[in-house]
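Novice: Data file structure_34.cif (mmCIF, C-alpha atoms and all ligand atoms) is appended below.
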```
data_final
#
loop_
_atom_site.label_atom_id
_atom_site.label_comp_id
_atom_site.auth_asym_id
_atom_site.auth_seq_id
_atom_site.Cartn_x
_atom_site.Cartn_y
_atom_site.Cartn_z
CA MET W 19 -42.44 -20.20 -33.84
CA THR W 20 -40.03 -22.10 -31.59
CA TRP W 21 -40.17 -21.63 -27.79
CA ILE W 22 -36.93 -19.64 -27.89
CA GLU W 23 -38.46 -17.27 -30.43
CA SER W 24 -41.56 -16.93 -28.31
CA LEU W 25 -39.40 -15.59 -25.47
CA THR W 26 -37.66 -13.06 -27.70
CA LEU W 27 -38.65 -9.44 -27.57
CA ASN W 28 -37.94 -7.73 -30.89
CA SER W 29 -37.55 -4.01 -31.31
CA PRO W 30 -36.34 -1.87 -34.24
CA SER W 31 -32.93 -1.45 -32.58
CA GLY W 32 -32.30 -5.06 -31.47
CA PHE W 33 -33.74 -7.91 -29.47
CA TRP W 34 -33.87 -9.16 -25.89
CA ASN W 35 -33.92 -12.81 -24.92
CA PRO W 36 -33.59 -14.05 -21.33
CA ILE W 37 -31.98 -17.34 -22.41
CA VAL W 38 -29.20 -15.55 -24.33
CA TRP W 39 -28.76 -13.23 -21.35
CA LEU W 40 -28.49 -16.23 -19.01
CA VAL W 41 -25.93 -17.95 -21.26
CA PHE W 42 -23.77 -14.82 -21.27
CA LEU W 43 -24.13 -14.49 -17.50
CA VAL W 44 -22.88 -18.05 -17.02
CA ILE W 45 -19.96 -17.50 -19.44
CA PHE W 46 -18.91 -14.30 -17.66
CA ALA W 47 -19.25 -15.99 -14.25
CA ILE W 48 -16.93 -18.78 -15.44
CA ILE W 49 -14.38 -16.27 -16.80
CA GLY W 50 -14.61 -14.34 -13.52
CA TYR W 51 -14.05 -17.51 -11.50
CA LEU W 52 -11.04 -18.49 -13.64
CA ILE W 53 -9.42 -15.08 -13.04
CA TYR W 54 -10.26 -15.27 -9.33
CA SER W 55 -8.85 -18.80 -8.98
CA ARG W 56 -5.47 -17.63 -10.31
CA GLY W 57 -5.23 -15.10 -7.46
CA ASN W 58 -2.69 -15.29 -4.65
CA ARG W 59 -4.10 -17.59 -1.97
CA SER W 60 -1.66 -16.46 0.66
CA TYR W 61 -3.18 -12.99 0.59
CA LYS W 62 -4.16 -11.89 4.10
CA PRO W 63 -7.12 -9.53 4.38
CA ASN W 64 -7.34 -7.03 7.26
CA THR W 65 -3.55 -6.68 7.57
CA ASP W 66 -1.07 -4.11 6.32
CA GLN W 67 -0.72 -6.32 3.24
CA VAL W 68 -3.82 -4.76 1.72
CA LYS W 69 -2.83 -1.16 2.45
CA PRO W 70 -0.95 1.13 0.08
CA PHE W 71 2.80 1.53 0.54
CA LEU W 72 3.71 4.92 2.01
CA SER W 73 7.42 4.36 2.66
CA GLY W 74 6.52 2.36 5.75
CA ASN W 75 4.52 5.23 7.24
CA LYS W 76 1.15 4.56 8.79
CA VAL W 77 -1.74 4.91 6.36
CA GLU W 78 -3.86 7.69 7.82
CA ASP W 79 -7.61 7.73 7.71
CA VAL W 80 -8.75 9.06 4.33
CA GLU W 81 -10.56 11.91 6.12
CA GLU W 82 -7.20 13.13 7.42
CA ILE W 83 -5.21 13.10 4.21
CA ARG W 84 -7.60 14.03 1.44
CA VAL W 85 -7.98 17.58 0.14
CA ARG W 86 -11.46 18.81 0.99
CA ALA W 87 -13.48 21.25 -1.13
CA GLY W 88 -13.13 23.86 1.66
CA ASP W 89 -9.34 23.61 1.44
CA ILE W 90 -9.45 25.29 -1.99
CA TYR W 91 -10.49 28.52 -0.20
CA TRP W 92 -7.84 28.19 2.49
CA GLY W 93 -5.89 31.31 1.45
CA PHE W 94 -9.03 33.36 1.11
CA ILE W 95 -10.37 32.34 4.52
CA GLU W 96 -6.96 32.85 6.11
CA ALA W 97 -6.62 36.37 4.67
CA LEU W 98 -10.10 37.42 5.85
CA LYS W 99 -9.87 35.60 9.18
CA GLY W 100 -11.15 38.50 11.30
CA TYR W 101 -14.20 38.95 9.14
CA TYR W 102 -14.98 35.22 8.99
CA ASP W 103 -14.54 34.81 12.75
CA VAL W 104 -17.36 37.30 13.36
CA LEU W 105 -19.55 35.81 10.63
CA MET W 106 -19.05 32.26 11.85
CA ARG W 107 -19.97 33.26 15.40
CA MET W 108 -23.18 34.79 14.08
CA HIS W 109 -23.89 31.73 11.95
CA THR W 110 -25.15 29.54 14.79
CA GLY W 111 -27.31 27.19 12.75
CA ASP W 112 -30.26 27.95 15.04
CA VAL W 113 -33.27 29.05 13.03
CA ARG W 114 -34.59 31.16 15.95
CA ASP W 115 -31.44 33.30 15.77
CA TYR W 116 -31.95 33.85 12.05
CA ILE W 117 -35.61 34.85 12.58
CA LEU W 118 -34.41 37.29 15.21
CA TRP W 119 -31.93 38.80 12.74
CA TYR W 120 -34.65 38.94 10.13
CA LEU W 121 -37.10 40.72 12.44
CA GLY W 122 -34.45 43.05 13.84
CA LEU W 123 -33.11 44.09 10.41
CA GLY W 124 -36.70 44.26 9.06
CA ALA W 125 -37.61 46.66 11.90
CA ILE W 126 -34.54 48.84 11.19
CA ILE W 127 -35.29 49.00 7.44
CA LEU W 128 -38.96 49.78 8.18
CA PHE W 129 -37.89 52.48 10.59
CA ILE W 130 -35.62 54.07 7.98
CA LEU W 131 -38.27 53.92 5.26
CA VAL W 132 -41.33 54.94 7.32
CA GLY W 133 -39.74 56.78 10.22
CA GLY W 134 -38.62 59.69 8.07
CA VAL W 135 -42.17 60.50 6.96
CA MET M 11 23.65 -25.70 -3.11
CA GLY M 12 20.16 -26.84 -4.08
CA LYS M 13 18.66 -26.45 -7.51
CA LEU M 14 16.22 -23.64 -8.29
CA THR M 15 13.25 -25.59 -9.55
CA ASN M 16 10.00 -24.45 -8.06
CA PHE M 17 10.04 -20.67 -7.99
CA LYS M 18 9.59 -20.03 -11.68
CA ARG M 19 9.56 -16.28 -11.84
CA SER M 20 12.16 -13.54 -11.45
CA LEU M 21 13.09 -12.63 -7.91
CA TRP M 22 12.12 -9.10 -7.01
CA VAL M 23 13.84 -7.42 -4.13
CA PHE M 24 12.90 -4.45 -1.96
CA HIS M 25 15.62 -2.60 -0.12
CA ALA M 26 14.85 -0.94 3.24
CA SER M 27 17.64 1.11 4.74
CA GLY M 28 17.31 1.90 8.43
CA GLY M 29 20.12 3.99 9.85
CA SER M 30 22.89 2.46 7.80
CA CYS M 31 26.06 4.43 6.99
CA ASN M 32 25.22 3.91 3.30
CA ALA M 33 28.20 1.67 2.57
CA CYS M 34 26.04 -1.50 2.66
CA ASP M 35 23.50 0.21 0.41
CA ILE M 36 26.21 1.16 -2.06
CA GLU M 37 27.36 -2.47 -2.18
CA ILE M 38 23.80 -3.53 -3.01
CA ILE M 39 23.85 -1.04 -5.89
CA ALA M 40 27.25 -2.43 -6.91
CA ALA M 41 25.59 -5.83 -7.34
CA LEU M 42 23.30 -4.20 -9.91
CA THR M 43 26.04 -2.44 -11.89
CA PRO M 44 27.48 -3.99 -15.10
CA ARG M 45 30.29 -5.82 -13.30
CA TYR M 46 27.88 -8.14 -11.45
CA ASP M 47 24.59 -7.26 -13.18
CA VAL M 48 22.20 -9.39 -11.15
CA GLU M 49 19.30 -8.22 -13.29
CA ARG M 50 20.43 -10.70 -15.93
CA PHE M 51 19.24 -13.40 -13.48
CA GLY M 52 15.94 -11.59 -13.01
CA ILE M 53 16.95 -10.22 -9.62
CA LYS M 54 15.61 -6.70 -9.65
CA LEU M 55 15.18 -3.92 -7.10
CA VAL M 56 11.57 -2.79 -6.92
CA GLY M 57 10.10 0.38 -5.48
CA SER M 58 7.40 -1.17 -3.29
CA PRO M 59 7.34 -4.10 -0.86
CA ARG M 60 3.94 -4.97 -2.34
CA HIS M 61 5.81 -6.26 -5.41
CA ALA M 62 8.76 -7.86 -3.63
CA ASP M 63 9.71 -11.46 -2.82
CA VAL M 64 12.78 -10.59 -0.79
CA LEU M 65 13.38 -7.78 1.69
CA LEU M 66 16.97 -6.56 1.98
CA VAL M 67 17.52 -4.64 5.20
CA THR M 68 20.61 -2.60 6.03
CA GLY M 69 21.44 -0.59 9.13
CA ALA M 70 21.06 -0.93 12.86
CA ILE M 71 17.42 0.27 12.82
CA PRO M 72 16.81 3.32 15.02
CA ARG M 73 13.77 3.20 17.30
CA ASP M 74 11.70 5.44 15.03
CA PHE M 75 12.22 3.12 12.09
CA ALA M 76 11.25 -0.15 13.84
CA ASP M 77 7.50 0.30 13.30
CA LYS M 78 8.03 1.28 9.69
CA LEU M 79 10.13 -1.82 9.09
CA ARG M 80 7.43 -4.01 10.64
CA ARG M 81 4.87 -2.40 8.34
CA ILE M 82 7.08 -2.87 5.27
CA TYR M 83 7.52 -6.56 6.16
CA GLU M 84 3.76 -6.97 6.64
CA GLN M 85 3.06 -5.42 3.25
CA MET M 86 5.05 -8.04 1.35
CA PRO M 87 3.04 -10.90 -0.16
CA ASP M 88 3.82 -14.49 0.87
CA PRO M 89 6.06 -16.38 0.29
CA LYS M 90 8.73 -13.89 1.36
CA ALA M 91 12.24 -13.87 2.80
CA VAL M 92 14.29 -11.32 4.70
CA VAL M 93 18.02 -10.83 4.10
CA VAL M 94 20.02 -8.70 6.51
CA ILE M 95 23.00 -7.02 4.86
CA GLY M 96 25.89 -5.96 7.09
CA ASN M 97 27.04 -6.19 10.67
CA CYS M 98 24.80 -3.33 11.82
CA GLY M 99 21.58 -5.23 11.16
CA THR M 100 23.02 -8.62 12.09
CA SER M 101 24.28 -7.76 15.54
CA GLY M 102 24.19 -3.99 16.00
CA GLY M 103 27.72 -3.72 14.68
CA VAL M 104 29.44 -0.53 15.74
CA PHE M 105 26.16 0.65 17.27
CA TYR M 106 25.83 -2.41 19.49
CA ASP M 107 23.90 -1.66 22.69
CA SER M 108 23.27 1.95 21.71
CA TYR M 109 20.32 3.57 23.52
CA ASN M 110 18.55 4.70 20.35
CA ILE M 111 18.75 1.42 18.42
CA ALA M 112 15.81 -1.00 18.23
CA GLY M 113 17.80 -3.66 16.30
CA PRO M 114 19.38 -6.10 15.66
CA ILE M 115 16.83 -6.69 12.95
CA ASP M 116 15.84 -10.20 14.06
CA GLU M 117 14.39 -8.64 17.19
CA ILE M 118 11.96 -6.68 15.00
CA ILE M 119 11.06 -9.01 12.10
CA PRO M 120 11.95 -12.65 11.32
CA VAL M 121 15.22 -12.91 9.39
CA ASP M 122 16.07 -15.75 6.99
CA VAL M 123 19.58 -14.92 5.79
CA TYR M 124 22.42 -12.94 7.40
CA VAL M 125 25.14 -11.45 5.22
CA PRO M 126 27.79 -10.21 7.66
CA GLY M 127 30.50 -7.74 6.71
CA CYS M 128 31.10 -4.03 7.16
CA PRO M 129 30.18 -3.72 4.36
CA PRO M 130 29.88 -7.19 2.72
CA ARG M 131 31.14 -7.58 -0.83
CA PRO M 132 28.58 -7.74 -3.69
CA GLU M 133 29.42 -11.45 -4.15
CA ALA M 134 28.33 -12.11 -0.58
CA ILE M 135 25.13 -10.14 -1.10
CA ILE M 136 24.33 -12.11 -4.26
CA ASP M 137 25.03 -15.35 -2.37
CA GLY M 138 22.63 -14.20 0.37
CA VAL M 139 19.89 -13.41 -2.13
CA VAL M 140 20.30 -16.83 -3.76
CA LYS M 141 19.95 -18.46 -0.31
CA ALA M 142 16.76 -16.44 0.19
CA TRP M 143 15.61 -17.68 -3.21
CA LEU M 144 16.00 -21.28 -2.04
CA LYS M 145 14.09 -20.48 1.13
CA ILE M 146 11.24 -18.93 -0.88
CA GLU M 147 11.08 -22.06 -3.04
CA LYS M 148 10.65 -24.10 0.12
CA LEU M 149 7.93 -21.78 1.40
CA GLU M 150 6.18 -21.84 -1.96
CA LYS M 151 6.15 -25.64 -1.91
CA GLU M 152 4.64 -25.53 1.57
CA LEU M 153 1.99 -23.08 0.40
CA GLU M 154 1.20 -25.32 -2.57
CA GLY M 155 0.95 -28.29 -0.22
CA LYS M 156 -1.60 -26.37 1.82
CA LYS M 157 -3.54 -25.57 -1.36
CA GLU M 158 -3.99 -29.24 -2.30
S1 LIG P 201 27.49 -2.75 8.55
FE1 LIG P 201 29.18 -1.31 8.32
S2 LIG P 201 29.03 -0.66 6.20
FE2 LIG P 201 27.08 -1.59 6.73
S3 LIG P 201 25.77 0.08 7.40
FE3 LIG P 201 26.76 -0.76 9.21
S4 LIG P 201 28.59 0.49 9.51
FE4 LIG P 201 27.89 0.84 7.42
#
```
Write out the structure in this file as structure tokens.

Specialist:
Amino acid sequence: MTWIESLTLNSPSGFWNPIVWLVFLVIFAIIGYLIYSRGNRSYKPNTDQVKPFLSGNKVEDVEEIRVRAGDIYWGFIEALKGYYDVLMRMHTGDVRDYILWYLGLGAIILFILVGGV
Amino acid sequence: MGKLTNFKRSLWVFHASGGSCNACDIEIIAALTPRYDVERFGIKLVGSPRHADVLLVTGAIPRDFADKLRRIYEQMPDPKAVVVIGNCGTSGGVFYDSYNIAGPIDEIIPVDVYVPGCPPRPEAIIDGVVKAWLKIEKLEKELEGKKE
């Protein structure tokens, strides 16, 4: 068994050898460098040269121009604005408020169920 | 006229029109029509300054357009040249000293070739583009010099 073979890991579906892997890595690095070296050296990073062309208009921040998932529901939210305004005011994000709602509604339901007896 | 030796590819041109009356723009199009057909020399209008070697600018450039023109110029790769077509961009033309004009163009971006006329004939425009071509060759040589 040669030293190369001793490094090879054989499996029913193929083999793995670090030397072969390294050779390929070097070949791909050389190809990559050749492509890179043919690039335009006068390219200026951090200028308008790297930005997309929008008929000379300023390129807005991506946050400003992209369509967000929430925008899909725009018509829906717009049509039910009154309803959502109330809901959003109630939806404070404060867990103590939610517990309060929970206890309050719980008490009302309990009162309806037990109170009648 | 010098010989075209160094710049070995076709010359691609981007046309920016800022407040022109459209006559200069029409003459640029005339240079592309079968009578002159500059595309047979590889001179081609492209849709983005990112692909262009030469920027053709027409019009007196209203204030709102000045920033856009600067941005378009910035977006072109080096080496690049700017050709002003018409009196409007060269000196202000009939709009000279108007309150809403940011031009002449050389007050906004550096200009390499002026093609005066109101509007200039297609022959003059082609001559201007060839002069820009020579200028780009010079710039390319300088860039190559820097590379070595
Ligand atoms: S130079 Fe004359 S033809 Fe050209 S855009 Fe100005 S007014 Fe029109």

Novice: Pull out every residue of chain M that has at least one atom within 10 Å of chain W, counting all atoms listed in the file, and report them as a PDB file with C-alpha atoms, in the coordinates of the input.

Specialist:
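What follows is the written file part-v8.pdb:
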```pdb
ATOM      1  CA  ALA M  26      14.850  -0.940   3.240  1.00  0.00           C
ATOM      2  CA  GLY M  57      10.100   0.380  -5.480  1.00  0.00           C
ATOM      3  CA  SER M  58       7.400  -1.170  -3.290  1.00  0.00           C
ATOM      4  CA  PRO M  59       7.340  -4.100  -0.860  1.00  0.00           C
ATOM      5  CA  ARG M  60       3.940  -4.970  -2.340  1.00  0.00           C
ATOM      6  CA  PHE M  75      12.220   3.120  12.090  1.00  0.00           C
ATOM      7  CA  ALA M  76      11.250  -0.150  13.840  1.00  0.00           C
ATOM      8  CA  ASP M  77       7.500   0.300  13.300  1.00  0.00           C
ATOM      9  CA  LYS M  78       8.030   1.280   9.690  1.00  0.00           C
ATOM     10  CA  LEU M  79      10.130  -1.820   9.090  1.00  0.00           C
ATOM     11  CA  ARG M  80       7.430  -4.010  10.640  1.00  0.00           C
ATOM     12  CA  ARG M  81       4.870  -2.400   8.340  1.00  0.00           C
ATOM     13  CA  ILE M  82       7.080  -2.870   5.270  1.00  0.00           C
ATOM     14  CA  TYR M  83       7.520  -6.560   6.160  1.00  0.00           C
ATOM     15  CA  GLU M  84       3.760  -6.970   6.640  1.00  0.00           C
ATOM     16  CA  GLN M  85       3.060  -5.420   3.250  1.00  0.00           C
ATOM     17  CA  MET M  86       5.050  -8.040   1.350  1.00  0.00           C
ATOM     18  CA  PRO M  87       3.040 -10.900  -0.160  1.00  0.00           C
ATOM     19  CA  ASP M  88       3.820 -14.490   0.870  1.00  0.00           C
ATOM     20  CA  PRO M  89       6.060 -16.380   0.290  1.00  0.00           C
ATOM     21  CA  GLU M 150       6.180 -21.840  -1.960  1.00  0.00           C
ATOM     22  CA  LEU M 153       1.990 -23.080   0.400  1.00  0.00           C
ATOM     23  CA  GLU M 154       1.200 -25.320  -2.570  1.00  0.00           C
ATOM     24  CA  LYS M 156      -1.600 -26.370   1.820  1.00  0.00           C
ATOM     25  CA  LYS M 157      -3.540 -25.570  -1.360  1.00  0.00           C
TER      26      LYS M 157
END
```

Novice: Please extract the residues at most 7 Å from ligand LIG 201 (chain P), counting only C-alpha atoms and all ligand atoms, and provide them as a PyMOL selection string, using the chain letters and residue numbers of this document.

Specialist: chain M and resi 30-34+68-70+96-99+103-104+127-129

Novice: What's around stretch 105-122 of chain M at 6 Å? Count all atoms listed in the file, leave out sequence neighbours fewer than 2 positions away in its own chain, and write the answer as a VMD selection string.

Specialist: chain M and resid 70 to 73 91 to 92 99 to 103

Novice: Between atom CA of W:Leu105 and atom CA of W:Trp92, measure the distance and give it in Å to one decimal.

Specialist: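 Distance between the two atoms: 16.2 Å.
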
Novice: Which value, in Å to one decimal, gives the distance between atom CA of M:Lys151 and atom CA of M:Ile136?

Specialist: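 Taking atom CA of M:Lys151 and atom CA of M:Ile136, their separation equals 22.8 Å.
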
Novice: Neighbours of M:Ile135 within 9 Å (all atoms listed in the file; same-chain residues fewer than 4 positions away dropped), as a PDB file with C-alpha atoms, in the coordinates of the input?

Specialist:
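This is the output file part-v8.pdb:
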```pdb
ATOM      1  CA  GLU M  37      27.360  -2.470  -2.180  1.00  0.00           C
ATOM      2  CA  ILE M  38      23.800  -3.530  -3.010  1.00  0.00           C
ATOM      3  CA  ALA M  41      25.590  -5.830  -7.340  1.00  0.00           C
ATOM      4  CA  VAL M  93      18.020 -10.830   4.100  1.00  0.00           C
ATOM      5  CA  ILE M  95      23.000  -7.020   4.860  1.00  0.00           C
ATOM      6  CA  VAL M 125      25.140 -11.450   5.220  1.00  0.00           C
ATOM      7  CA  PRO M 130      29.880  -7.190   2.720  1.00  0.00           C
ATOM      8  CA  ARG M 131      31.140  -7.580  -0.830  1.00  0.00           C
ATOM      9  CA  VAL M 139      19.890 -13.410  -2.130  1.00  0.00           C
ATOM     10  CA  VAL M 140      20.300 -16.830  -3.760  1.00  0.00           C
TER      11      VAL M 140
END
```

Novice: How many Å separate atom CA of M:Ala62 from atom CA of M:Phe24?

Specialist: 5.6 Å
